[in-house]
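Participant: To be precise about what I am sending: the file is called upload_0.txt and holds compact mmCIF, C-alpha atoms and all ligand atoms.
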# COMPACT_ATOMS: atom_id res chain seq x y z
CA MET A 1366 -14.01 9.22 -82.09
CA VAL A 1367 -13.87 6.43 -79.60
CA GLU A 1368 -12.82 7.02 -76.04
CA GLY A 1369 -11.90 4.89 -73.08
CA SER A 1370 -12.30 1.17 -73.43
CA GLY A 1371 -12.73 1.53 -77.18
CA ALA A 1372 -9.52 3.39 -77.86
CA GLY A 1373 -6.90 2.16 -80.30
CA CYS A 1374 -5.52 -1.27 -79.48
CA LEU A 1375 -8.38 -3.30 -78.02
CA ASN A 1376 -6.57 -3.92 -74.80
CA PRO A 1377 -8.32 -5.29 -71.71
CA GLN A 1378 -6.27 -2.88 -69.62
CA ALA A 1379 -7.12 0.20 -71.71
CA SER A 1380 -8.19 3.11 -69.55
CA PRO A 1381 -11.89 3.47 -68.77
CA SER A 1382 -14.13 6.05 -70.39
CA ARG A 1383 -14.15 9.67 -69.25
CA SER A 1384 -17.69 8.95 -68.01
CA TYR A 1385 -15.96 7.21 -65.09
CA THR A 1386 -12.62 9.00 -64.76
CA ASP A 1387 -13.88 12.61 -64.69
CA PRO A 1388 -14.96 13.33 -61.07
CA ARG A 1389 -17.89 15.51 -62.16
CA LEU A 1390 -19.22 12.86 -64.55
CA ALA A 1391 -18.62 10.09 -62.00
CA ALA A 1392 -20.75 12.14 -59.58
CA VAL A 1393 -23.65 11.90 -62.05
CA TYR A 1394 -23.48 8.08 -62.22
CA ASP A 1395 -25.73 7.15 -59.29
CA ALA A 1396 -28.51 9.57 -60.21
CA LEU A 1397 -28.36 8.45 -63.85
CA ASN A 1398 -28.35 4.75 -62.95
CA PRO A 1399 -30.77 4.17 -60.06
CA PRO A 1400 -30.63 0.70 -58.48
CA GLU A 1401 -32.60 -1.86 -60.43
CA ALA A 1402 -33.50 -5.53 -60.20
CA ASP A 1403 -29.92 -6.57 -60.95
CA ALA A 1404 -28.80 -5.48 -57.47
CA LEU A 1405 -31.37 -7.74 -55.80
CA PHE A 1406 -30.31 -10.63 -58.05
CA TYR A 1407 -26.65 -10.31 -56.98
CA LEU A 1408 -27.54 -9.84 -53.30
CA ARG A 1409 -29.57 -13.06 -53.43
CA LEU A 1410 -26.75 -14.83 -55.25
CA ALA A 1411 -24.35 -13.87 -52.45
CA GLY A 1412 -26.81 -15.29 -49.91
CA ASP A 1413 -26.84 -14.81 -46.14
CA GLU A 1414 -23.83 -16.90 -45.17
CA PRO A 1415 -20.78 -14.59 -45.08
CA LYS A 1416 -18.61 -14.96 -48.16
CA THR A 1417 -15.44 -13.49 -49.56
CA ILE A 1418 -16.62 -11.44 -52.54
CA LEU A 1419 -14.92 -9.40 -55.24
CA ASP A 1420 -17.02 -6.75 -56.98
CA MET A 1421 -14.95 -6.16 -60.14
CA GLY A 1422 -15.77 -2.91 -61.91
CA CYS A 1423 -17.51 -1.83 -58.70
CA GLY A 1424 -17.95 1.77 -59.89
CA THR A 1425 -19.34 3.98 -57.12
CA GLY A 1426 -19.53 0.96 -54.81
CA ARG A 1427 -23.27 0.78 -54.25
CA LEU A 1428 -23.49 -3.01 -54.42
CA ALA A 1429 -20.12 -3.63 -52.73
CA CYS A 1430 -21.25 -1.58 -49.71
CA SER A 1431 -24.65 -3.34 -49.56
CA LEU A 1432 -22.86 -6.69 -49.54
CA ALA A 1433 -20.45 -5.55 -46.82
CA ARG A 1434 -23.32 -4.22 -44.68
CA ARG A 1435 -24.83 -7.74 -44.90
CA GLY A 1436 -21.70 -9.25 -43.36
CA HIS A 1437 -19.73 -10.36 -46.42
CA ARG A 1438 -15.98 -9.71 -46.70
CA VAL A 1439 -15.91 -7.50 -49.77
CA THR A 1440 -13.23 -6.18 -52.09
CA GLY A 1441 -14.27 -3.58 -54.65
CA ALA A 1442 -11.99 -3.06 -57.63
CA ASP A 1443 -12.24 -0.53 -60.44
CA PRO A 1444 -9.65 1.17 -62.67
CA ALA A 1445 -11.40 4.57 -62.39
CA SER A 1446 -10.22 6.40 -59.29
CA ALA A 1447 -13.02 8.99 -59.55
CA MET A 1448 -15.56 6.17 -59.09
CA LEU A 1449 -13.58 4.69 -56.18
CA ASP A 1450 -13.40 8.11 -54.50
CA ILE A 1451 -17.21 8.14 -54.38
CA ALA A 1452 -17.31 4.50 -53.23
CA ARG A 1453 -14.96 5.10 -50.29
CA LYS A 1454 -17.24 7.85 -48.90
CA ARG A 1455 -20.43 5.80 -49.15
CA GLN A 1456 -22.12 4.42 -46.03
CA GLY A 1457 -20.39 1.08 -45.40
CA GLY A 1458 -17.42 2.14 -47.53
CA ASP A 1459 -15.12 1.66 -44.54
CA LYS A 1460 -16.05 -2.04 -44.50
CA VAL A 1461 -14.82 -2.67 -48.07
CA ALA A 1462 -11.24 -3.08 -49.31
CA TRP A 1463 -10.98 -0.81 -52.37
CA ILE A 1464 -8.42 -1.49 -55.10
CA ALA A 1465 -7.63 0.55 -58.20
CA ALA A 1466 -7.34 -2.22 -60.79
CA GLY A 1467 -9.07 -3.58 -63.88
CA ALA A 1468 -10.33 -7.10 -64.48
CA ALA A 1469 -7.30 -8.25 -66.46
CA ASP A 1470 -4.64 -6.65 -64.29
CA LEU A 1471 -5.84 -7.25 -60.72
CA SER A 1472 -3.27 -9.33 -58.90
CA ILE A 1473 -3.87 -10.06 -55.23
CA ASP A 1474 -3.48 -13.09 -52.99
CA THR A 1475 -7.13 -13.30 -51.86
CA ARG A 1476 -9.19 -16.09 -53.40
CA PHE A 1477 -12.91 -15.33 -53.60
CA ASP A 1478 -16.05 -17.43 -53.09
CA LEU A 1479 -17.85 -15.13 -55.50
CA ILE A 1480 -16.68 -12.62 -58.09
CA ILE A 1481 -19.34 -10.38 -59.59
CA MET A 1482 -19.09 -7.94 -62.49
CA THR A 1483 -22.28 -5.91 -62.69
CA GLY A 1484 -23.66 -2.99 -64.71
CA HIS A 1485 -22.62 -4.66 -68.00
CA VAL A 1486 -18.92 -4.10 -67.25
CA PHE A 1487 -18.23 -7.24 -69.33
CA GLN A 1488 -19.17 -5.32 -72.48
CA VAL A 1489 -16.10 -3.07 -72.24
CA PHE A 1490 -13.92 -6.06 -73.21
CA LEU A 1491 -14.00 -5.56 -76.93
CA ASP A 1492 -12.36 -8.61 -78.46
CA ASP A 1493 -11.77 -12.30 -77.81
CA MET A 1494 -8.27 -11.72 -76.52
CA ALA A 1495 -9.53 -9.21 -73.97
CA VAL A 1496 -12.33 -11.56 -72.89
CA ALA A 1497 -9.88 -14.47 -72.53
CA ALA A 1498 -7.49 -12.36 -70.45
CA VAL A 1499 -10.29 -11.24 -68.13
CA LEU A 1500 -11.74 -14.74 -67.66
CA ALA A 1501 -8.28 -16.18 -67.01
CA ASN A 1502 -7.40 -13.53 -64.46
CA LEU A 1503 -10.72 -13.59 -62.63
CA SER A 1504 -10.86 -17.41 -62.50
CA ARG A 1505 -7.33 -17.34 -61.05
CA HIS A 1506 -8.75 -15.27 -58.16
CA LEU A 1507 -11.54 -17.76 -57.37
CA ALA A 1508 -11.40 -20.14 -54.40
CA PRO A 1509 -12.10 -23.81 -55.19
CA GLU A 1510 -15.84 -24.02 -56.03
CA GLY A 1511 -15.90 -20.23 -56.30
CA ARG A 1512 -18.32 -18.66 -58.78
CA LEU A 1513 -17.94 -15.88 -61.33
CA ALA A 1514 -21.18 -14.05 -62.13
CA PHE A 1515 -21.74 -11.27 -64.65
CA GLU A 1516 -24.12 -10.19 -67.37
CA THR A 1517 -23.98 -8.84 -70.88
CA ARG A 1518 -26.86 -7.42 -72.94
CA ASN A 1519 -28.44 -9.91 -75.33
CA PRO A 1520 -27.41 -8.75 -78.82
CA LEU A 1521 -30.57 -10.22 -80.36
CA VAL A 1522 -32.63 -7.54 -78.58
CA GLU A 1523 -30.53 -4.74 -80.19
CA GLU A 1524 -31.10 -2.47 -77.21
CA TRP A 1525 -28.82 0.18 -78.70
CA ARG A 1526 -31.60 1.05 -81.16
CA ASP A 1527 -33.33 2.76 -78.23
CA TRP A 1528 -30.29 4.89 -77.40
CA THR A 1529 -31.54 7.91 -79.34
CA PRO A 1530 -31.64 11.50 -78.01
CA GLU A 1531 -35.45 11.45 -78.23
CA ARG A 1532 -35.87 8.26 -76.21
CA THR A 1533 -33.14 8.82 -73.64
CA ARG A 1534 -33.30 12.55 -72.87
CA GLU A 1535 -33.78 13.16 -69.15
CA ARG A 1536 -33.11 15.80 -66.51
CA ILE A 1537 -31.58 14.42 -63.35
CA ASP A 1538 -30.97 16.12 -60.05
CA VAL A 1539 -27.43 15.47 -58.83
CA PRO A 1540 -26.63 16.32 -55.20
CA GLY A 1541 -24.03 19.10 -55.20
CA LEU A 1542 -24.34 19.75 -58.94
CA GLY A 1543 -28.02 20.53 -59.48
CA ALA A 1544 -29.97 19.70 -62.62
CA VAL A 1545 -28.07 17.92 -65.40
CA ASP A 1546 -29.61 17.14 -68.80
CA VAL A 1547 -28.39 13.85 -70.21
CA HIS A 1548 -29.01 11.96 -73.42
CA TYR A 1549 -27.39 9.21 -75.47
CA ARG A 1550 -26.78 8.90 -79.19
CA VAL A 1551 -25.31 5.94 -81.05
CA SER A 1552 -22.52 7.14 -83.31
CA GLY A 1553 -21.45 3.85 -84.85
CA VAL A 1554 -22.24 0.16 -85.13
CA ALA A 1555 -19.49 -2.08 -86.47
CA GLY A 1556 -20.28 -5.77 -86.17
CA GLN A 1557 -20.65 -6.47 -82.44
CA LEU A 1558 -19.23 -3.10 -81.42
CA VAL A 1559 -21.58 -0.23 -80.64
CA THR A 1560 -20.13 3.22 -80.01
CA PHE A 1561 -22.38 5.74 -78.32
CA GLU A 1562 -22.10 9.28 -77.06
CA THR A 1563 -23.33 10.49 -73.70
CA HIS A 1564 -24.14 14.20 -73.61
CA PHE A 1565 -24.05 15.86 -70.19
CA ARG A 1566 -25.41 19.43 -70.13
CA PHE A 1567 -24.57 21.15 -66.85
CA ALA A 1568 -25.43 24.66 -68.11
CA GLU A 1569 -26.09 26.42 -71.42
CA ASP A 1570 -22.37 26.74 -72.18
CA ASP A 1571 -21.17 23.75 -70.19
CA VAL A 1572 -21.74 20.55 -72.16
CA VAL A 1573 -19.51 17.48 -71.94
CA THR A 1574 -19.69 14.59 -74.41
CA THR A 1575 -18.12 11.19 -73.78
CA TRP A 1576 -17.71 8.24 -76.11
CA ASN A 1577 -17.95 4.59 -75.12
CA THR A 1578 -17.71 1.43 -77.15
CA LEU A 1579 -19.42 -1.75 -75.96
CA ARG A 1580 -19.28 -5.25 -77.36
CA PHE A 1581 -22.54 -7.17 -77.78
CA MET A 1582 -21.23 -10.74 -77.69
CA GLY A 1583 -23.60 -13.55 -78.64
CA LYS A 1584 -24.50 -16.43 -76.32
CA ASP A 1585 -22.76 -19.19 -78.30
CA GLU A 1586 -19.58 -17.18 -78.61
CA LEU A 1587 -19.61 -16.36 -74.92
CA ALA A 1588 -20.26 -20.02 -74.03
CA ALA A 1589 -17.28 -21.02 -76.19
CA ALA A 1590 -15.06 -18.40 -74.54
CA LEU A 1591 -16.11 -19.66 -71.10
CA GLU A 1592 -15.42 -23.25 -72.11
CA ARG A 1593 -11.95 -22.33 -73.40
CA SER A 1594 -11.31 -20.61 -70.06
CA GLY A 1595 -12.15 -23.76 -68.10
CA ALA A 1596 -15.86 -23.20 -67.42
CA PRO A 1597 -17.81 -25.73 -69.54
CA ASP A 1598 -20.82 -25.77 -67.20
CA VAL A 1599 -22.51 -22.43 -66.89
CA THR A 1600 -25.86 -21.46 -65.43
CA TRP A 1601 -27.60 -18.94 -67.69
CA PHE A 1602 -30.49 -16.59 -67.06
CA GLY A 1603 -32.19 -14.22 -69.47
CA ASP A 1604 -33.48 -11.70 -66.95
CA TRP A 1605 -33.22 -10.68 -63.33
CA ASP A 1606 -36.33 -12.64 -62.34
CA GLY A 1607 -34.43 -15.85 -63.12
CA SER A 1608 -36.22 -16.53 -66.40
CA PRO A 1609 -34.30 -18.56 -69.01
CA ILE A 1610 -32.38 -16.97 -71.85
CA GLY A 1611 -34.27 -16.44 -75.09
CA PRO A 1612 -34.22 -14.25 -78.21
CA ALA A 1613 -36.38 -11.56 -76.60
CA ARG A 1614 -34.83 -11.65 -73.13
CA PRO A 1615 -32.71 -8.59 -72.39
CA GLU A 1616 -29.76 -10.22 -70.64
CA LEU A 1617 -27.27 -13.05 -70.89
CA ILE A 1618 -26.57 -13.62 -67.19
CA VAL A 1619 -23.70 -16.02 -66.48
CA ILE A 1620 -22.88 -17.90 -63.30
CA ALA A 1621 -19.74 -19.95 -63.95
CA THR A 1622 -17.54 -22.27 -61.94
CA PHE A 1623 -14.12 -23.20 -63.27
CA GLU A 1624 -12.57 -26.63 -63.49
CA ARG A 1625 -9.42 -25.47 -61.76
CA PRO A 1626 -8.17 -22.16 -60.50
CA GLN A 1627 -5.81 -20.85 -63.17
CA ASP A 1628 -2.90 -19.84 -60.98
CA GLY A 1629 -0.37 -19.18 -63.71
CA PRO A 1630 1.03 -15.80 -64.72
CA THR A 1631 -1.37 -13.42 -66.44
CA ALA A 1632 -0.68 -13.08 -70.15
CA ALA A 1633 0.32 -9.69 -71.51
CA PHE A 1634 -1.65 -8.33 -74.45
CA CYS A 1635 -1.10 -5.79 -77.19
C1 LIG A 1701 -21.50 0.98 -66.01
S1 LIG A 1701 -20.30 1.11 -64.75
C2 LIG A 1701 -20.83 -0.21 -63.65
C3 LIG A 1701 -20.46 0.08 -62.22
C4 LIG A 1701 -21.04 -0.89 -61.19
N1 LIG A 1701 -20.60 -2.24 -61.41
C5 LIG A 1701 -22.55 -0.83 -61.20
O1 LIG A 1701 -23.20 -1.84 -61.46
O2 LIG A 1701 -23.09 0.25 -60.91
C6 LIG A 1701 -18.89 0.40 -65.55
C7 LIG A 1701 -17.64 0.36 -64.66
O3 LIG A 1701 -16.66 -0.46 -65.30
C8 LIG A 1701 -15.42 0.07 -64.99
N2 LIG A 1701 -14.40 -0.46 -65.91
C9 LIG A 1701 -13.94 0.09 -67.07
N3 LIG A 1701 -12.97 -0.67 -67.57
C10 LIG A 1701 -12.80 -1.71 -66.73
C11 LIG A 1701 -11.92 -2.84 -66.69
N4 LIG A 1701 -11.01 -3.03 -67.65
N5 LIG A 1701 -12.01 -3.69 -65.65
C12 LIG A 1701 -12.93 -3.49 -64.68
N6 LIG A 1701 -13.79 -2.46 -64.66
C13 LIG A 1701 -13.71 -1.58 -65.66
C14 LIG A 1701 -15.64 1.57 -65.10
O4 LIG A 1701 -14.61 2.32 -64.48
C15 LIG A 1701 -16.99 1.71 -64.43
O5 LIG A 1701 -16.87 1.96 -63.05
Render the structure in this file as structure tokens.
Ligand SMILES: C[S@@+](CC[C@H](N)C(=O)[O-])C[C@H]1O[C@@H](n2cnc3c(N)ncnc32)[C@H](O)[C@@H]1O
Facilitator:
Amino acid sequence: MVEGSGAGCLNPQASPSRSYTDPRLAAVYDALNPPEADALFYLRLAGDEPKTILDMGCGTGRLACSLARRGHRVTGADPASAMLDIARKRQGGDKVAWIAAGAADLSIDTRFDLIIMTGHVFQVFLDDMAVAAVLANLSRHLAPEGRLAFETRNPLVEEWRDWTPERTRERIDVPGLGAVDVHYRVSGVAGQLVTFETHFRFAEDDVVTTWNTLRFMGKDELAAALERSGAPDVTWFGDWDGSPIGPARPELIVIATFERPQDGPTAAFC
């Protein structure tokens, strides 16, 4: 079974996984995903001079609020209202404009100096049509000289091989919920698509399993998709310390500028 972004028609506007739409599972997100070096990378990318920034797929709003507290004008967008509900209540949440929308369907008049998509959100776009729709829509929301920055896991590293119950099992303490046992298990690999289960055990008889499918797109394919979308010159990094991409580097980090803002109508898919 495949849930959320992997369901049925591979549509960029398909609803997000239950991991993000179920309020109790959304509440687990921050404890399960403590801030890492990626946050510092994106804060540095934004710089000190105030900018107009879109955090697409902002989730619980941790980074969006940090950026707003540093003086940037920030919009946080996510299709999962349970994640946005947490984001709104965060310290600094009142400084951010929150929008319930996905990357392919956002449609607002603001044009951004920087659009970021962090936490491997890009991997929920499961086919070339979805990727093209997202790049077209996000580039349309960039100001002239604006930059789009995001990352996807390097498929050559095959990180999903580590997503076994034995290697991922952990007990986390979630404020308001108590101890939650979590582990992952890959349930299918089909070409570039990896489907994995997340098991949340709140109590002996209270276990929730979610399914997510992620695409592990290769560098050359991603570069070609960016070029087709009007971004032939891309800055690439292979890790959060700014090291170059390489077969053993965990990330494909993209910072792209587009030749022209694509201000046409957004294509409909599926
Ligand atoms: C792993 S979380 C990352 C959240 C946040 N960016 C972070 O770094 O903590 C993935 C997020 O992507 C969102 N998402 C799912 N489908 C999306 C789409 N089509 N467009 C934008 N975001 C989407 C989910 O709702 C979820 O909040």
Participant: Any chance you could work out the axis-aligned box around ligand LIG 1701 (chain A), listed atoms only, 6 Å on each side, giving centre and edge lengths in Å to one decimal, as lines of an AutoDock Vina configuration file?
Facilitator:
center_x = -17.1
center_y = -0.7
center_z = -64.3
size_x = 24.2
size_y = 18.0
size_z = 18.7
Participant: Between A:His1485, A:Arg1625, A:Arg1453, A:Arg1566, which has the minimum distance to ligand LIG 1701 (chain A) (counting all atoms listed in the file)?
Facilitator: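 Of the candidates, the smallest distance to ligand LIG 1701 (chain A) is held by A:His1485.
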Participant: When you look at Leu1591 (chain A) with a cut-off of 10 Å (counting all atoms listed in the file), what residues show up, excluding the ones that are within fewer than 2 positions of it in the same chain? I need them as an MDAnalysis selection string.
Facilitator: chainID A and resid 1496:1497 1500:1501 1585:1589 1593:1599 1619 1621:1623
Participant: Between A:Ala1590, A:Val1489, A:Ala1396, A:Leu1390, which has the minimum distance to Gly1422 (chain A) (counting all atoms listed in the file)?
Facilitator: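 The answer is A:Val1489, which sits nearest to Gly1422 (chain A).
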Participant: List as a PyMOL selection string the protein and nucleic acid residues near Trp1601 (chain A), meaning an atom at most 9 Å away when all atoms listed in the file are counted, but skip any in the same chain fewer than 4 places from it.
Facilitator: chain A and resi 1607+1609-1610+1617-1621
Participant: To check your reading of the model: which residues sit at most 7 Å from ligand LIG 1701 (chain A) when counting all atoms listed in the file? Write the answer as a PyMOL selection string.
Facilitator: chain A and resi 1370+1377-1382+1385-1386+1421-1427+1443-1445+1448+1466-1469+1482-1486+1489-1490
Participant: Complete region 1414-1432 of chain A at the level of N, CA and C atoms, written as a short mmCIF file (atom, residue, chain, number, x, y, z; two decimals), in the coordinates of the input.
Facilitator:
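Resulting contents of rebuild_33.cif:
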data_model
loop_
_atom_site.label_atom_id
_atom_site.label_comp_id
_atom_site.auth_asym_id
_atom_site.auth_seq_id
_atom_site.Cartn_x
_atom_site.Cartn_y
_atom_site.Cartn_z
N GLU A 1414 -25.05 -16.41 -45.82
CA GLU A 1414 -23.83 -16.90 -45.17
C GLU A 1414 -22.65 -16.03 -45.63
N PRO A 1415 -21.85 -15.50 -44.68
CA PRO A 1415 -20.78 -14.59 -45.08
C PRO A 1415 -19.80 -15.22 -46.07
N LYS A 1416 -19.51 -14.47 -47.11
CA LYS A 1416 -18.61 -14.96 -48.16
C LYS A 1416 -17.54 -13.92 -48.44
N THR A 1417 -16.49 -14.39 -49.11
CA THR A 1417 -15.44 -13.49 -49.56
C THR A 1417 -15.77 -13.12 -51.01
N ILE A 1418 -16.05 -11.84 -51.24
CA ILE A 1418 -16.62 -11.44 -52.54
C ILE A 1418 -15.78 -10.34 -53.16
N LEU A 1419 -15.55 -10.47 -54.46
CA LEU A 1419 -14.92 -9.40 -55.24
C LEU A 1419 -15.98 -8.79 -56.15
N ASP A 1420 -16.16 -7.48 -56.04
CA ASP A 1420 -17.02 -6.75 -56.98
C ASP A 1420 -16.07 -6.07 -57.97
N MET A 1421 -15.89 -6.69 -59.13
CA MET A 1421 -14.95 -6.16 -60.14
C MET A 1421 -15.68 -5.14 -61.02
N GLY A 1422 -15.09 -3.98 -61.19
CA GLY A 1422 -15.77 -2.91 -61.91
C GLY A 1422 -16.86 -2.35 -61.01
N CYS A 1423 -16.51 -2.16 -59.74
CA CYS A 1423 -17.51 -1.83 -58.70
C CYS A 1423 -18.09 -0.44 -58.88
N GLY A 1424 -17.43 0.41 -59.68
CA GLY A 1424 -17.95 1.77 -59.89
C GLY A 1424 -18.02 2.54 -58.59
N THR A 1425 -19.17 3.15 -58.32
CA THR A 1425 -19.34 3.98 -57.12
C THR A 1425 -19.61 3.14 -55.87
N GLY A 1426 -19.54 1.82 -55.99
CA GLY A 1426 -19.53 0.96 -54.81
C GLY A 1426 -20.86 0.68 -54.16
N ARG A 1427 -21.96 0.97 -54.86
CA ARG A 1427 -23.27 0.78 -54.25
C ARG A 1427 -23.48 -0.67 -53.80
N LEU A 1428 -23.25 -1.60 -54.72
CA LEU A 1428 -23.49 -3.01 -54.42
C LEU A 1428 -22.45 -3.55 -53.44
N ALA A 1429 -21.19 -3.16 -53.63
CA ALA A 1429 -20.12 -3.63 -52.73
C ALA A 1429 -20.46 -3.26 -51.29
N CYS A 1430 -20.93 -2.02 -51.07
CA CYS A 1430 -21.25 -1.58 -49.71
C CYS A 1430 -22.47 -2.32 -49.17
N SER A 1431 -23.47 -2.57 -50.02
CA SER A 1431 -24.65 -3.34 -49.56
C SER A 1431 -24.22 -4.74 -49.13
N LEU A 1432 -23.33 -5.35 -49.88
CA LEU A 1432 -22.86 -6.69 -49.54
C LEU A 1432 -22.09 -6.66 -48.22
#
